[in-house]
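Colleague: The structure is given below, and queries will be raised subsequently.
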Amino acid sequence: MTSSERALAHLPPGTDPPRSLPLLLDRVAEPFRRGAAPEPQPSTGFYTDTTVCIGCKACEVACKQWNLLPADGFDWTGNSYDNTGGLSATSWRHVKFIEQLPGGVLGELLDPGRWLMMSDVCKHCVTAPCQQACPTGAIVYNEFGNVYIQPDVCNGCAYCIAACPFGVITRSTIDGHAHKCTLCFDRQRDGLVPACAKACPTASIQFGPVDELRERARQRVADLHERGVTDAYLYGDRPGDTYSALNSFYLLVDRPSVYGLPETPVNPWLRMKGDYLRAAVSGLVSLAALLAALALAGGPG
Amino acid sequence: MTAPLNADPTQQATIAGYQSRPVTKPPNWHGLVTLDLLVNNLSSGLFMVAVLAELVAPAVFRPLASVAYPLALAWLLVDLVCLVLDLGDPARFHHMLRVWKPSSPMSLGTWCLTAYAAPLTLVAGLSLVPVEWGLEGARRVIAVVGLVPALAAAAYKGVLFSTTAQRGWGDARWFGGYLVNSALVLGAAELLLIGLARGRPQAVELLRVASLLLLPLNLVALGLLLADIRAALTEARGARTFVRVAVLAAAGGILLPLGLVALGGTVALVTAMLLLLLGALVVRDEIVRLPHRLHHRPHAAP
């Protein structure tokens, strides 16, 4: 608990926090105030084993309940049992349904097919493009190594939305700010498990220190391979050439694109230096051409 | 979006699923952002060209300064209004200044715009002061100091777009290079128009020659940019429309103005400048809309 939170906790219920400045000035000055940085904790995250997900959507409901997120309405998407469609500013968990069923009677006899289900969420990337993009400092790594949007700082510039290669972050039409999974930051600070992981009846969503989760996930993959599920693998458990590891990673049994995940995510920041260089070269060449033209055509006037 | 069930008995996964859907989400950047891209370049370009022109030929260009710098300031104000209005929470625009974060092109750009706004405001104010007051030296020094942030302000938006995960924007590696060159082309055009309006033939002639050199460079920058986004633009708009856009931007927005500038004369020059502006607007608009068009196009069946 920060010092300002401790001071607020002593106020009688319903009391406005004390202001040292008039309201307008206070509003202007507030985002520039800095509190003491919390003590770093071991990084935590999610390990989602899609092979045991049953598509019950308890995680979606628990997330909405705990975080007081409004419903998105009800749509017939025409895509299996998916009726929320995707992650949004008000849906921080989204269960995906992939029907891989053979066509025709003969096909069904030969191969019963399968359903893949996956509870999608923010990946809490170890090097998160959204955090690199955020110009206000609203997106930070909190003491648990999770990517967290400070709701009182975000001004809705939407650059994080453009930067995210997983299409996670969304700007709310209600308050104009960017929103996504907080990994139940408030619950973690009180020593509780995130609501979705707590609600998951099959332990498809597992929460804990990331190192332990990775160990557990690798063991699970080995077990599955032994049992003949040779296409099981982990997505995001270790860094690739173009992207960091994910603190929320997955056990999958088909290509990532089947689950709506990028096959090879790329951190756009890998390109930034080159693009600045191109802009600088173009600018300097153009300025030199302009100067040369003015000097040659007119000379010093 | 969804294929009919059992449409093809030899294929599995008859529900469309997620494979054919775009993974990323384009942000709600639309018309205001296109306008911002244009007026940013109109401001920074005019400022840079005016400063350099004054350095090279002060006697010729000093009479244009009292229009050029205030106009550049007015464009910048329009740009800032666009930027603020485009925020999800415009009342929090000042939160941009709470951190200095060079890793974010938007943060760097915000500070560049701030650093550019200060000398521009001073120079615009001093350009309205009579020469007899003896502040010309100070004005020129401040103007030269403003060149670096002006150049950065012209360039950063292209890098901001190319440093994203969006298809089309992320491919546009030369967008920053195109924008900074385009800013100078537009700046020369604006100053030329001011020279025409104020009856300064020598200034017009100098800027005409400068434009003859800058426009071919603009064509090169546009070519590099179009090569970058060709695949995405063709996917979003079709091959024919891509060719139409490319021809409109290159021929209508650069080559035709180049011919008219070479021809000279008030009508030809004014027409050339208007075509330049139109071409610049088309390029910016196509790029801003690109991921939205890719996102909303009908998804292919699996």
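Quick note on naming: the chains in the structure tokens go A, B, ... in the order shown, residues restart at 1 in each chain, and ligands are numbered from 1 in order of appearance.
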Find the residues in chain B near chain A: any atom within 6 Å counts, using only C-alpha atoms. Write them as JSON, numbers by chain.
Modeller: {"B": [6, 9, 12, 13, 17, 18, 19, 23, 24, 25, 26, 27, 56, 57, 58, 59, 87, 88, 89, 92, 95, 96, 98, 104, 106, 107, 155, 159, 163, 164, 165, 173, 176, 177, 180, 181, 206, 210]}
Colleague: Using the selection just defined, write its residues with N, CA and C atoms as a CSV table (one decimal), in the first residue's frame.
Modeller:
```csv
chain,number,residue,atom,x,y,z
B,6,ASN,N,-20.7,-27.6,-43.6
B,6,ASN,CA,-20.6,-28.7,-44.5
B,6,ASN,C,-20.6,-28.3,-46.0
B,9,PRO,N,-17.5,-31.3,-48.4
B,9,PRO,CA,-17.3,-32.5,-47.5
B,9,PRO,C,-15.9,-32.9,-47.4
B,12,GLN,N,-12.2,-29.8,-43.7
B,12,GLN,CA,-12.7,-29.7,-42.3
B,12,GLN,C,-12.7,-28.3,-41.9
B,13,ALA,N,-13.2,-28.0,-40.6
B,13,ALA,CA,-13.3,-26.7,-40.1
B,13,ALA,C,-14.1,-25.8,-41.0
B,17,GLY,N,-13.9,-19.7,-37.9
B,17,GLY,CA,-12.8,-19.7,-36.9
B,17,GLY,C,-12.1,-18.4,-36.9
B,18,TYR,N,-10.8,-18.4,-36.5
B,18,TYR,CA,-10.0,-17.2,-36.3
B,18,TYR,C,-8.9,-17.1,-37.3
B,19,GLN,N,-8.7,-18.1,-38.1
B,19,GLN,CA,-7.5,-18.1,-39.0
B,19,GLN,C,-7.5,-16.9,-40.0
B,23,VAL,N,-5.4,-10.2,-36.8
B,23,VAL,CA,-5.1,-10.4,-35.3
B,23,VAL,C,-5.1,-9.0,-34.7
B,24,THR,N,-4.5,-8.0,-35.3
B,24,THR,CA,-4.3,-6.7,-34.7
B,24,THR,C,-5.6,-5.9,-34.8
B,25,LYS,N,-5.7,-4.9,-34.0
B,25,LYS,CA,-6.8,-3.9,-34.1
B,25,LYS,C,-6.3,-2.6,-34.5
B,26,PRO,N,-6.9,-2.0,-35.5
B,26,PRO,CA,-6.4,-0.6,-35.8
B,26,PRO,C,-7.0,0.4,-34.9
B,27,PRO,N,-6.3,1.4,-34.4
B,27,PRO,CA,-6.9,2.4,-33.5
B,27,PRO,C,-7.8,3.3,-34.3
B,56,VAL,N,19.9,32.2,-46.7
B,56,VAL,CA,20.6,32.3,-48.0
B,56,VAL,C,20.5,33.7,-48.6
B,57,ALA,N,19.2,34.2,-48.6
B,57,ALA,CA,18.9,35.5,-49.3
B,57,ALA,C,18.0,36.3,-48.4
B,58,PRO,N,18.6,36.9,-47.3
B,58,PRO,CA,17.8,37.7,-46.4
B,58,PRO,C,17.0,38.8,-47.0
B,59,ALA,N,17.7,39.6,-47.9
B,59,ALA,CA,17.0,40.7,-48.4
B,59,ALA,C,15.8,40.3,-49.3
B,87,LEU,N,-7.7,12.5,-29.1
B,87,LEU,CA,-7.5,11.7,-27.9
B,87,LEU,C,-8.8,11.2,-27.4
B,88,GLY,N,-8.8,10.0,-26.7
B,88,GLY,CA,-10.0,9.5,-26.1
B,88,GLY,C,-10.5,10.4,-25.0
B,89,ASP,N,-9.5,11.0,-24.3
B,89,ASP,CA,-9.9,11.9,-23.2
B,89,ASP,C,-9.1,13.2,-23.4
B,92,ARG,N,-7.1,15.3,-20.9
B,92,ARG,CA,-5.8,14.8,-20.3
B,92,ARG,C,-4.7,15.0,-21.3
B,95,HIS,N,-1.0,15.1,-20.1
B,95,HIS,CA,-0.4,13.9,-19.6
B,95,HIS,C,0.8,13.5,-20.5
B,96,MET,N,0.7,13.9,-21.8
B,96,MET,CA,1.8,13.6,-22.7
B,96,MET,C,3.1,14.1,-22.2
B,98,ARG,N,4.2,14.3,-19.1
B,98,ARG,CA,4.6,13.9,-17.8
B,98,ARG,C,5.8,13.0,-17.8
B,104,SER,N,9.4,5.9,-27.4
B,104,SER,CA,8.1,6.1,-28.0
B,104,SER,C,8.1,7.2,-29.0
B,106,MET,N,5.7,8.6,-30.3
B,106,MET,CA,4.7,9.6,-30.0
B,106,MET,C,5.2,10.6,-28.8
B,107,SER,N,5.9,10.0,-27.9
B,107,SER,CA,6.4,10.8,-26.8
B,107,SER,C,7.5,11.8,-27.3
B,155,ALA,N,9.3,14.7,-39.3
B,155,ALA,CA,9.7,13.3,-39.6
B,155,ALA,C,9.0,12.3,-38.6
B,159,VAL,N,7.6,7.7,-38.6
B,159,VAL,CA,8.2,6.7,-37.8
B,159,VAL,C,7.1,6.1,-36.8
B,163,THR,N,6.3,2.3,-36.8
B,163,THR,CA,6.6,1.5,-35.6
B,163,THR,C,5.3,1.1,-34.9
B,164,THR,N,4.5,0.3,-35.7
B,164,THR,CA,3.2,-0.2,-35.1
B,164,THR,C,3.1,-1.7,-35.7
B,165,ALA,N,2.2,-2.4,-35.1
B,165,ALA,CA,2.0,-3.8,-35.5
B,165,ALA,C,0.9,-3.9,-36.6
B,173,ARG,N,8.0,1.7,-44.3
B,173,ARG,CA,9.3,2.0,-43.7
B,173,ARG,C,9.8,3.4,-44.1
B,176,GLY,N,8.3,8.0,-42.9
B,176,GLY,CA,9.0,9.2,-42.3
B,176,GLY,C,9.8,10.0,-43.3
B,177,GLY,N,10.5,9.2,-44.1
B,177,GLY,CA,11.4,9.8,-45.2
B,177,GLY,C,10.5,10.6,-46.2
B,180,VAL,N,9.0,14.0,-44.4
B,180,VAL,CA,10.0,15.1,-44.2
B,180,VAL,C,10.3,15.7,-45.5
B,181,ASN,N,10.4,14.9,-46.6
B,181,ASN,CA,10.6,15.5,-47.9
B,181,ASN,C,9.4,16.3,-48.3
B,206,LEU,N,13.4,32.1,-57.1
B,206,LEU,CA,14.2,31.3,-56.3
B,206,LEU,C,13.5,30.0,-55.8
B,210,ALA,N,14.0,26.0,-56.6
B,210,ALA,CA,14.1,25.0,-55.4
B,210,ALA,C,13.1,23.9,-55.6
```
Colleague: Using only C-alpha atoms, can you tell me which of B:Gly45, B:Gly134, B:Gly264, B:Gly158 comes closest to Val209 in chain B?
Modeller: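 Nearest candidate to Val209 in chain B out of B:Gly45, B:Gly134, B:Gly264, B:Gly158: B:Gly264.
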Colleague: Given the choices B:Gly109, B:Thr266, B:Val33, B:Val288, which gets closest to Leu151 in chain B if the distance is worked out from only C-alpha atoms?
Modeller: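 Smallest distance to Leu151 in chain B is found for B:Gly109.
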Colleague: So which residues touch Lys180 in chain A within 10 Å, counting only C-alpha atoms, skipping near sequence neighbours fewer than 4 positions away, as a VMD selection string?
Modeller: chain A and resid 87 to 93 121 to 122 147 to 149 168 to 172
Colleague: Using only C-alpha atoms, which protein or nucleic acid residues come within 10 Å of Asn142 in chain A? Drop anything in the same chain fewer than 4 positions from it, and give the result as number ranges by chain.
Modeller: A: 37-41, 43, 146-150, 182, 185
Colleague: Could you work out how far CA of Leu233 in chain B lies from CA of Ser211 in chain B, giving the answer in Å with one decimal?
Modeller: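 These atoms are spaced 28.7 Å apart.
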